[in-house]
$ cat work_29.txt   # compact mmCIF, C-alpha atoms
# COMPACT_ATOMS: atom_id res chain seq x y z
CA MET O 484 -3.67 30.67 -8.29
CA ALA O 485 -4.76 27.63 -10.33
CA LYS O 486 -1.62 25.75 -9.26
CA MET O 487 -2.31 26.53 -5.59
CA GLN O 488 -5.90 25.31 -5.91
CA ASP O 489 -4.69 22.15 -7.63
CA PHE O 490 -2.13 21.55 -4.86
CA GLY O 491 -4.77 22.11 -2.20
CA GLN O 492 -7.05 19.56 -3.88
CA ARG O 493 -4.19 17.04 -4.06
CA MET O 494 -3.42 17.54 -0.36
CA ARG O 495 -7.04 16.86 0.61
CA PHE O 496 -7.14 13.72 -1.52
CA LEU O 497 -3.80 12.67 -0.03
CA ALA O 498 -5.04 12.97 3.56
CA PHE O 499 -8.16 10.98 2.68
CA SER O 500 -6.13 8.27 0.92
CA ILE O 501 -3.76 7.79 3.89
CA VAL O 502 -6.66 7.15 6.25
CA LEU O 503 -8.44 4.94 3.69
CA ASN O 504 -5.29 2.93 3.00
CA SER O 505 -4.57 2.40 6.71
CA ALA O 506 -8.15 1.45 7.57
CA ALA O 507 -8.51 -0.88 4.58
CA ASN O 508 -5.21 -2.67 5.27
CA ALA O 509 -6.11 -3.07 8.94
CA LEU O 510 -9.52 -4.42 7.93
CA THR O 511 -7.98 -7.15 5.76
CA ILE O 512 -5.66 -8.16 8.61
CA SER O 513 -8.60 -8.41 11.03
CA THR O 514 -10.49 -10.81 8.76
CA ASN O 515 -7.57 -13.27 8.96
CA LEU O 516 -8.39 -14.36 5.41
CA GLY O 517 -5.43 -12.79 3.67
CA SER O 518 -4.22 -9.25 3.20
CA ALA O 519 -2.75 -7.29 0.33
CA VAL O 520 0.63 -8.77 -0.57
CA TRP O 521 2.81 -6.10 1.06
CA THR O 522 0.73 -6.07 4.23
CA GLY O 523 0.73 -9.85 4.46
CA SER O 524 4.50 -9.94 4.12
CA SER O 525 4.84 -7.31 6.88
CA VAL O 526 2.64 -9.35 9.25
CA ASN O 527 4.78 -12.44 8.63
CA LEU O 528 8.02 -10.49 9.00
CA ALA O 529 6.79 -9.06 12.33
CA ASN O 530 5.97 -12.58 13.52
CA TRP O 531 9.38 -13.84 12.38
CA ILE O 532 11.50 -11.13 14.05
CA HIS O 533 9.12 -10.59 17.03
CA VAL O 534 8.73 -6.84 16.52
CA PRO O 535 5.40 -4.92 16.74
CA LEU O 536 3.64 -4.59 13.38
CA GLY O 537 3.82 -0.78 13.32
CA THR O 538 7.58 -0.81 13.85
CA THR O 539 8.03 -3.57 11.27
CA LEU O 540 6.03 -1.60 8.69
CA PHE O 541 8.18 1.45 9.40
CA GLY O 542 11.51 -0.41 9.05
CA TYR O 543 10.27 -2.24 5.95
CA GLY O 544 9.33 1.11 4.43
CA ILE O 545 12.83 2.51 4.98
CA VAL O 546 14.39 -0.44 3.11
CA ILE O 547 12.03 0.00 0.14
CA THR O 548 12.67 3.76 0.17
CA LEU O 549 16.37 3.06 -0.41
CA MET O 550 15.50 0.56 -3.16
CA ASN O 551 13.46 3.24 -4.92
CA GLN O 552 16.47 5.55 -4.96
CA LEU O 553 18.50 2.82 -6.65
CA LEU O 554 15.82 2.22 -9.29
CA LEU O 555 15.66 5.94 -10.08
CA GLY O 556 19.38 5.83 -10.84
CA LYS O 557 19.95 9.11 -8.99
CA PHE O 558 19.44 10.64 -5.57
CA ASP O 559 15.99 12.21 -5.35
CA ARG O 560 15.78 14.11 -2.06
CA ARG O 561 12.13 15.07 -2.49
CA ARG O 562 11.16 11.47 -3.11
CA LEU O 563 13.22 10.21 -0.18
CA ILE O 564 11.53 12.65 2.20
CA SER O 565 8.14 11.88 0.60
CA ASN O 566 8.47 8.15 1.26
CA LEU O 567 9.59 8.65 4.84
CA LEU O 568 6.78 11.13 5.57
CA TYR O 569 4.19 8.62 4.37
CA ILE O 570 5.34 5.61 6.37
CA VAL O 571 5.29 7.38 9.74
CA PRO O 572 1.49 7.90 10.01
CA PHE O 573 0.57 4.88 7.87
CA SER O 574 2.64 2.31 9.77
CA TYR O 575 1.11 3.07 13.14
CA LEU O 576 -2.41 3.85 11.88
CA VAL O 577 -2.61 0.29 10.50
CA GLU O 578 -1.75 -1.13 13.90
CA TRP O 579 -4.06 1.18 15.88
CA ILE O 580 -7.05 0.92 13.52
CA GLY O 581 -6.56 -2.85 13.57
CA TYR O 582 -7.34 -2.80 17.31
CA PHE O 583 -10.58 -0.98 16.48
CA TRP O 584 -11.65 -3.56 13.87
CA ASP O 585 -10.82 -6.35 16.34
CA TRP O 586 -12.90 -4.58 19.01
CA LEU O 587 -15.82 -4.44 16.55
CA GLY O 588 -15.52 -8.21 16.12
CA VAL O 589 -14.53 -8.39 12.45
CA GLY O 590 -12.54 -11.56 13.13
CA ARG O 591 -15.61 -13.22 14.68
CA LEU O 592 -17.86 -12.78 11.64
CA SER O 593 -19.00 -15.83 9.68
CA LEU O 594 -16.75 -17.05 6.90
CA THR O 595 -19.03 -15.48 4.29
CA GLY O 596 -19.05 -12.21 6.19
CA ARG O 597 -15.26 -12.15 6.50
CA VAL O 598 -14.84 -12.90 2.77
CA ILE O 599 -17.08 -9.96 1.89
CA VAL O 600 -15.28 -7.64 4.34
CA ASP O 601 -11.88 -8.81 3.10
CA ILE O 602 -12.83 -7.99 -0.50
CA ILE O 603 -14.14 -4.57 0.59
CA GLY O 604 -10.84 -3.92 2.36
CA LEU O 605 -8.80 -4.94 -0.69
CA PHE O 606 -10.85 -2.66 -2.94
CA GLY O 607 -10.23 0.10 -0.42
CA VAL O 608 -6.47 -0.49 -0.62
CA ALA O 609 -6.46 -0.36 -4.42
CA PHE O 610 -8.61 2.80 -4.46
CA ALA O 611 -6.34 4.51 -1.91
CA VAL O 612 -3.19 3.66 -3.84
CA SER O 613 -4.73 4.97 -7.06
CA ILE O 614 -5.65 8.24 -5.34
CA TYR O 615 -2.31 9.02 -3.75
CA GLN O 616 -0.31 7.86 -6.75
CA ARG O 617 -2.21 10.43 -8.79
CA CYS O 618 -1.63 13.08 -6.13
CA ASN O 619 2.10 12.23 -6.11
CA ILE O 620 2.93 14.51 -3.18
CA ILE O 621 4.01 11.89 -0.68
CA MET O 622 3.67 8.19 -1.35
CA HIS O 623 4.19 4.93 0.50
CA PRO O 624 7.55 3.54 -0.68
CA ASN O 625 5.95 0.19 -1.56
CA ASP O 626 3.54 1.86 -3.96
CA ASP O 627 6.15 4.34 -5.13
CA LEU O 628 8.14 1.28 -6.18
CA SER O 629 5.33 0.14 -8.48
CA TYR O 630 4.87 3.77 -9.63
CA ILE O 631 8.55 4.04 -10.62
CA ILE O 632 8.43 0.68 -12.39
CA ARG O 633 5.16 1.64 -14.09
CA PHE O 634 6.23 4.97 -15.55
CA ARG O 635 9.99 4.51 -15.91
CA PHE O 636 10.14 0.98 -17.29
CA LEU O 637 6.66 -0.18 -18.40
CA HIS O 638 5.13 2.76 -20.30
CA GLY O 639 2.34 3.31 -17.73
CA SER O 640 1.01 -0.27 -17.34
CA ALA O 641 -0.53 -0.43 -13.84
CA VAL O 642 -1.19 -4.18 -13.99
CA ILE O 643 2.29 -5.37 -14.99
CA ALA O 644 4.00 -2.86 -12.70
CA GLN O 645 1.97 -4.07 -9.73
CA TRP O 646 2.94 -7.67 -10.39
CA ALA O 647 6.62 -6.77 -10.86
CA SER O 648 6.68 -4.84 -7.58
CA TYR O 649 5.42 -7.88 -5.67
CA LEU O 650 8.76 -9.70 -5.91
CA PRO O 651 10.21 -8.31 -2.61
CA PRO O 652 7.16 -9.11 -0.45
CA VAL O 653 6.80 -12.59 -1.96
CA ILE O 654 10.45 -13.28 -1.07
CA ILE O 655 9.80 -12.08 2.51
CA ILE O 656 6.71 -14.30 2.80
CA VAL O 657 8.65 -17.37 1.62
CA LEU O 658 11.60 -16.67 3.94
CA SER O 659 9.29 -16.05 6.90
CA TYR O 660 7.54 -19.36 6.30
CA LEU O 661 10.85 -21.23 6.00
CA MET O 662 12.11 -19.73 9.26
CA THR O 663 8.92 -20.05 11.35
CA GLY O 664 6.81 -22.72 9.65
CA GLN O 665 3.83 -20.37 9.94
CA LEU O 666 1.88 -18.10 7.63
CA HIS O 667 -0.19 -15.15 8.84
CA ALA O 668 -2.52 -12.83 6.89
CA ILE O 669 -1.94 -14.94 3.79
CA GLY O 670 -4.83 -16.66 2.05
CA PHE O 671 -7.82 -15.87 -0.11
CA GLY O 672 -7.27 -12.11 0.09
CA THR O 673 -3.61 -12.36 -0.89
CA VAL O 674 -4.46 -14.30 -4.04
CA TRP O 675 -7.27 -11.83 -4.78
CA ALA O 676 -4.85 -8.91 -4.42
CA LEU O 677 -2.19 -10.57 -6.59
CA VAL O 678 -4.68 -11.09 -9.39
CA THR O 679 -6.82 -7.98 -9.16
CA GLN O 680 -5.08 -5.05 -7.47
CA GLY O 681 -3.40 -3.67 -10.58
CA ILE O 682 -6.64 -4.06 -12.55
CA VAL O 683 -8.70 -2.33 -9.85
CA MET O 684 -6.13 0.48 -9.62
CA ALA O 685 -6.29 1.04 -13.37
CA TRP O 686 -10.10 1.16 -13.15
CA ALA O 687 -9.95 3.53 -10.17
CA ASP O 688 -7.64 5.87 -12.09
CA GLN O 689 -10.51 6.47 -14.49
CA HIS O 690 -13.57 6.22 -12.25
CA VAL O 691 -12.68 7.10 -8.62
CA PHE O 692 -12.39 10.89 -8.42
CA PRO O 693 -11.68 11.10 -12.18
CA SER O 694 -10.93 14.83 -11.92
CA LEU O 695 -7.73 13.91 -10.09
CA LYS O 696 -5.08 13.37 -12.77
CA HIS O 697 -1.63 11.76 -12.58
CA HIS O 698 1.22 14.14 -11.75
CA VAL O 699 4.03 12.08 -13.26
CA ASP O 700 7.60 12.93 -12.25
CA VAL O 701 9.75 10.00 -13.35
$ encode --input "work_29.txt" --output "structure tokens"
Amino acid sequence: MAKMQDFGQRMRFLAFSIVLNSAANALTISTNLGSAVWTGSSVNLANWIHVPLGTTLFGYGIVITLMNQLLLGKFDRRRLISNLLYIVPFSYLVEWIGYFWDWLGVGRLSLTGRVIVDIIGLFGVAFAVSIYQRCNIIMHPNDDLSYIIRFRFLHGSAVIAQWASYLPPVIIIVLSYLMTGQLHAIGFGTVWALVTQGIVMAWADQHVFPSLKHHVDV
């Protein structure tokens, strides 16, 4: 009975974190001041290959899902299905909620207002990732990548693992710029995320819903 109650709690936190993560990522895109690193790279990739953002996020997620399997060193069917289940709602929620933020006029706020909103969005992303990494039922492949690196290779260090996992999106951002000569959703917020996201996640692990503990499986 205790295990069922624990699983039910994790499922509720998971549902909340998916919505929070989607809304927060969409919010950072709407500010046009820079998004979290993975999101920014997806926006630039979508611009480069001329594919809708939701579809780009979905395809990107599939590639990282396969990378995670390689890093695990074995085929993990549960994890494969977990990653794919997460990217379906998340990918399209980001795009659809983005239309809502644009309708509200987030992009038309003053510079100061957009900076504040961008920071709020980035905190929301870090909080959401902390929550669903602790739930560890289904997880976005991008964040599962940092989770695998964190607990398999770096003895639980959230900060170093987050930085290490940023190599693929940084490569995509550079390639997109070389091919198009343009940068989108890259700026203040991207630098903020690079520097702070792992730190905020580590803080959130202890202070945002502290009763929710890590369910480590790597």
$ closest_residue --input "work_29.txt" --among "O:Val589, O:Val526, O:Met494, O:Val577" --to "Thr514 of chain O" --atoms "only C-alpha atoms"
O:Val589
$ residues_near_point --input "work_29.txt" --point "(-0.9, 7.0, -1.2)" --cutoff "10 Å" --atoms "only C-alpha atoms" --output "PyMOL selection string"
chain O and resi 496-505+566+569-570+573+608-627
$ atom_distance --input "work_29.txt" --atom1 "atom CA of Phe606 of chain O" --atom2 "atom CA of Tyr543 of chain O"
22.9 Å
$ closest_residue --input "work_29.txt" --among "O:Ile632, O:Ile682, O:Ile603, O:Val699" --to "Ser518 of chain O" --atoms "only C-alpha atoms"
O:Ile603
$ atom_distance --input "work_29.txt" --atom1 "atom CA of Gly517 of chain O" --atom2 "atom CA of Ile580 of chain O"
17.0 Å
$ closest_residue --input "work_29.txt" --among "O:Trp586, O:Tyr649, O:Phe692, O:Phe671" --to "Asp601 of chain O" --atoms "all atoms listed in the file"
O:Phe671
$ closest_residue --input "work_29.txt" --among "O:Asp700, O:Ser574, O:Pro693, O:Ile656" --to "Arg561 of chain O" --atoms "all atoms listed in the file"
O:Asp700
$ closest_residue --input "work_29.txt" --among "O:Thr522, O:Gln645, O:Leu628, O:Leu576" --to "Leu549 of chain O" --atoms "all atoms listed in the file"
O:Leu628
$ build_atoms --input "work_29.txt" --residues "segment 566-589 of chain O" --atoms "N, CA, C and O atoms" --output "PDB file, in the frame of the given file"
ATOM      1  N   ASN O 566       8.689   9.523   0.806  1.00  0.00           N
ATOM      2  CA  ASN O 566       8.470   8.150   1.260  1.00  0.00           C
ATOM      3  C   ASN O 566       8.506   8.038   2.770  1.00  0.00           C
ATOM      4  O   ASN O 566       7.669   7.363   3.383  1.00  0.00           O
ATOM      5  N   LEU O 567       9.462   8.719   3.391  1.00  0.00           N
ATOM      6  CA  LEU O 567       9.590   8.650   4.840  1.00  0.00           C
ATOM      7  C   LEU O 567       8.407   9.322   5.545  1.00  0.00           C
ATOM      8  O   LEU O 567       7.922   8.834   6.573  1.00  0.00           O
ATOM      9  N   LEU O 568       7.925  10.440   4.982  1.00  0.00           N
ATOM     10  CA  LEU O 568       6.780  11.130   5.570  1.00  0.00           C
ATOM     11  C   LEU O 568       5.520  10.274   5.530  1.00  0.00           C
ATOM     12  O   LEU O 568       4.666  10.345   6.424  1.00  0.00           O
ATOM     13  N   TYR O 569       5.393   9.447   4.490  1.00  0.00           N
ATOM     14  CA  TYR O 569       4.190   8.620   4.370  1.00  0.00           C
ATOM     15  C   TYR O 569       4.189   7.483   5.387  1.00  0.00           C
ATOM     16  O   TYR O 569       3.164   7.188   6.006  1.00  0.00           O
ATOM     17  N   ILE O 570       5.336   6.829   5.560  1.00  0.00           N
ATOM     18  CA  ILE O 570       5.340   5.610   6.370  1.00  0.00           C
ATOM     19  C   ILE O 570       5.155   5.886   7.855  1.00  0.00           C
ATOM     20  O   ILE O 570       4.721   4.993   8.591  1.00  0.00           O
ATOM     21  N   VAL O 571       5.451   7.101   8.308  1.00  0.00           N
ATOM     22  CA  VAL O 571       5.290   7.380   9.740  1.00  0.00           C
ATOM     23  C   VAL O 571       3.823   7.276  10.162  1.00  0.00           C
ATOM     24  O   VAL O 571       3.489   6.465  11.041  1.00  0.00           O
ATOM     25  N   PRO O 572       2.894   8.053   9.575  1.00  0.00           N
ATOM     26  CA  PRO O 572       1.490   7.900  10.010  1.00  0.00           C
ATOM     27  C   PRO O 572       0.887   6.564   9.596  1.00  0.00           C
ATOM     28  O   PRO O 572       0.150   5.938  10.373  1.00  0.00           O
ATOM     29  N   PHE O 573       1.195   6.104   8.379  1.00  0.00           N
ATOM     30  CA  PHE O 573       0.570   4.880   7.870  1.00  0.00           C
ATOM     31  C   PHE O 573       0.917   3.676   8.734  1.00  0.00           C
ATOM     32  O   PHE O 573       0.031   2.887   9.097  1.00  0.00           O
ATOM     33  N   SER O 574       2.194   3.512   9.058  1.00  0.00           N
ATOM     34  CA  SER O 574       2.640   2.310   9.770  1.00  0.00           C
ATOM     35  C   SER O 574       1.890   2.121  11.075  1.00  0.00           C
ATOM     36  O   SER O 574       1.442   1.010  11.405  1.00  0.00           O
ATOM     37  N   TYR O 575       1.728   3.192  11.833  1.00  0.00           N
ATOM     38  CA  TYR O 575       1.110   3.070  13.140  1.00  0.00           C
ATOM     39  C   TYR O 575      -0.415   3.164  13.083  1.00  0.00           C
ATOM     40  O   TYR O 575      -1.112   2.586  13.930  1.00  0.00           O
ATOM     41  N   LEU O 576      -0.952   3.846  12.057  1.00  0.00           N
ATOM     42  CA  LEU O 576      -2.410   3.850  11.880  1.00  0.00           C
ATOM     43  C   LEU O 576      -2.925   2.443  11.595  1.00  0.00           C
ATOM     44  O   LEU O 576      -3.988   2.053  12.081  1.00  0.00           O
ATOM     45  N   VAL O 577      -2.188   1.678  10.791  1.00  0.00           N
ATOM     46  CA  VAL O 577      -2.610   0.290  10.500  1.00  0.00           C
ATOM     47  C   VAL O 577      -2.729  -0.497  11.791  1.00  0.00           C
ATOM     48  O   VAL O 577      -3.725  -1.197  12.027  1.00  0.00           O
ATOM     49  N   GLU O 578      -1.725  -0.383  12.643  1.00  0.00           N
ATOM     50  CA  GLU O 578      -1.750  -1.130  13.900  1.00  0.00           C
ATOM     51  C   GLU O 578      -2.889  -0.655  14.799  1.00  0.00           C
ATOM     52  O   GLU O 578      -3.655  -1.469  15.328  1.00  0.00           O
ATOM     53  N   TRP O 579      -3.051   0.646  14.954  1.00  0.00           N
ATOM     54  CA  TRP O 579      -4.060   1.180  15.880  1.00  0.00           C
ATOM     55  C   TRP O 579      -5.485   0.942  15.360  1.00  0.00           C
ATOM     56  O   TRP O 579      -6.367   0.574  16.138  1.00  0.00           O
ATOM     57  N   ILE O 580      -5.706   1.161  14.057  1.00  0.00           N
ATOM     58  CA  ILE O 580      -7.050   0.920  13.520  1.00  0.00           C
ATOM     59  C   ILE O 580      -7.382  -0.564  13.559  1.00  0.00           C
ATOM     60  O   ILE O 580      -8.534  -0.956  13.719  1.00  0.00           O
ATOM     61  N   GLY O 581      -6.346  -1.404  13.450  1.00  0.00           N
ATOM     62  CA  GLY O 581      -6.560  -2.850  13.570  1.00  0.00           C
ATOM     63  C   GLY O 581      -7.177  -3.220  14.913  1.00  0.00           C
ATOM     64  O   GLY O 581      -8.041  -4.106  14.989  1.00  0.00           O
ATOM     65  N   TYR O 582      -6.741  -2.543  15.986  1.00  0.00           N
ATOM     66  CA  TYR O 582      -7.340  -2.800  17.310  1.00  0.00           C
ATOM     67  C   TYR O 582      -8.828  -2.459  17.290  1.00  0.00           C
ATOM     68  O   TYR O 582      -9.639  -3.146  17.915  1.00  0.00           O
ATOM     69  N   PHE O 583      -9.172  -1.385  16.568  1.00  0.00           N
ATOM     70  CA  PHE O 583     -10.580  -0.980  16.480  1.00  0.00           C
ATOM     71  C   PHE O 583     -11.404  -2.033  15.756  1.00  0.00           C
ATOM     72  O   PHE O 583     -12.492  -2.413  16.222  1.00  0.00           O
ATOM     73  N   TRP O 584     -10.904  -2.525  14.603  1.00  0.00           N
ATOM     74  CA  TRP O 584     -11.650  -3.560  13.870  1.00  0.00           C
ATOM     75  C   TRP O 584     -11.787  -4.827  14.729  1.00  0.00           C
ATOM     76  O   TRP O 584     -12.836  -5.482  14.709  1.00  0.00           O
ATOM     77  N   ASP O 585     -10.731  -5.172  15.468  1.00  0.00           N
ATOM     78  CA  ASP O 585     -10.820  -6.350  16.340  1.00  0.00           C
ATOM     79  C   ASP O 585     -11.864  -6.139  17.431  1.00  0.00           C
ATOM     80  O   ASP O 585     -12.617  -7.055  17.772  1.00  0.00           O
ATOM     81  N   TRP O 586     -11.911  -4.902  17.978  1.00  0.00           N
ATOM     82  CA  TRP O 586     -12.900  -4.580  19.010  1.00  0.00           C
ATOM     83  C   TRP O 586     -14.319  -4.695  18.459  1.00  0.00           C
ATOM     84  O   TRP O 586     -15.239  -5.141  19.165  1.00  0.00           O
ATOM     85  N   LEU O 587     -14.505  -4.323  17.177  1.00  0.00           N
ATOM     86  CA  LEU O 587     -15.820  -4.440  16.550  1.00  0.00           C
ATOM     87  C   LEU O 587     -16.213  -5.891  16.280  1.00  0.00           C
ATOM     88  O   LEU O 587     -17.374  -6.185  16.020  1.00  0.00           O
ATOM     89  N   GLY O 588     -15.229  -6.799  16.317  1.00  0.00           N
ATOM     90  CA  GLY O 588     -15.520  -8.210  16.120  1.00  0.00           C
ATOM     91  C   GLY O 588     -15.445  -8.683  14.679  1.00  0.00           C
ATOM     92  O   GLY O 588     -16.072  -9.686  14.319  1.00  0.00           O
ATOM     93  N   VAL O 589     -14.662  -7.988  13.862  1.00  0.00           N
ATOM     94  CA  VAL O 589     -14.530  -8.390  12.450  1.00  0.00           C
ATOM     95  C   VAL O 589     -14.048  -9.836  12.345  1.00  0.00           C
ATOM     96  O   VAL O 589     -14.550 -10.611  11.523  1.00  0.00           O
TER      97      VAL O 589
END
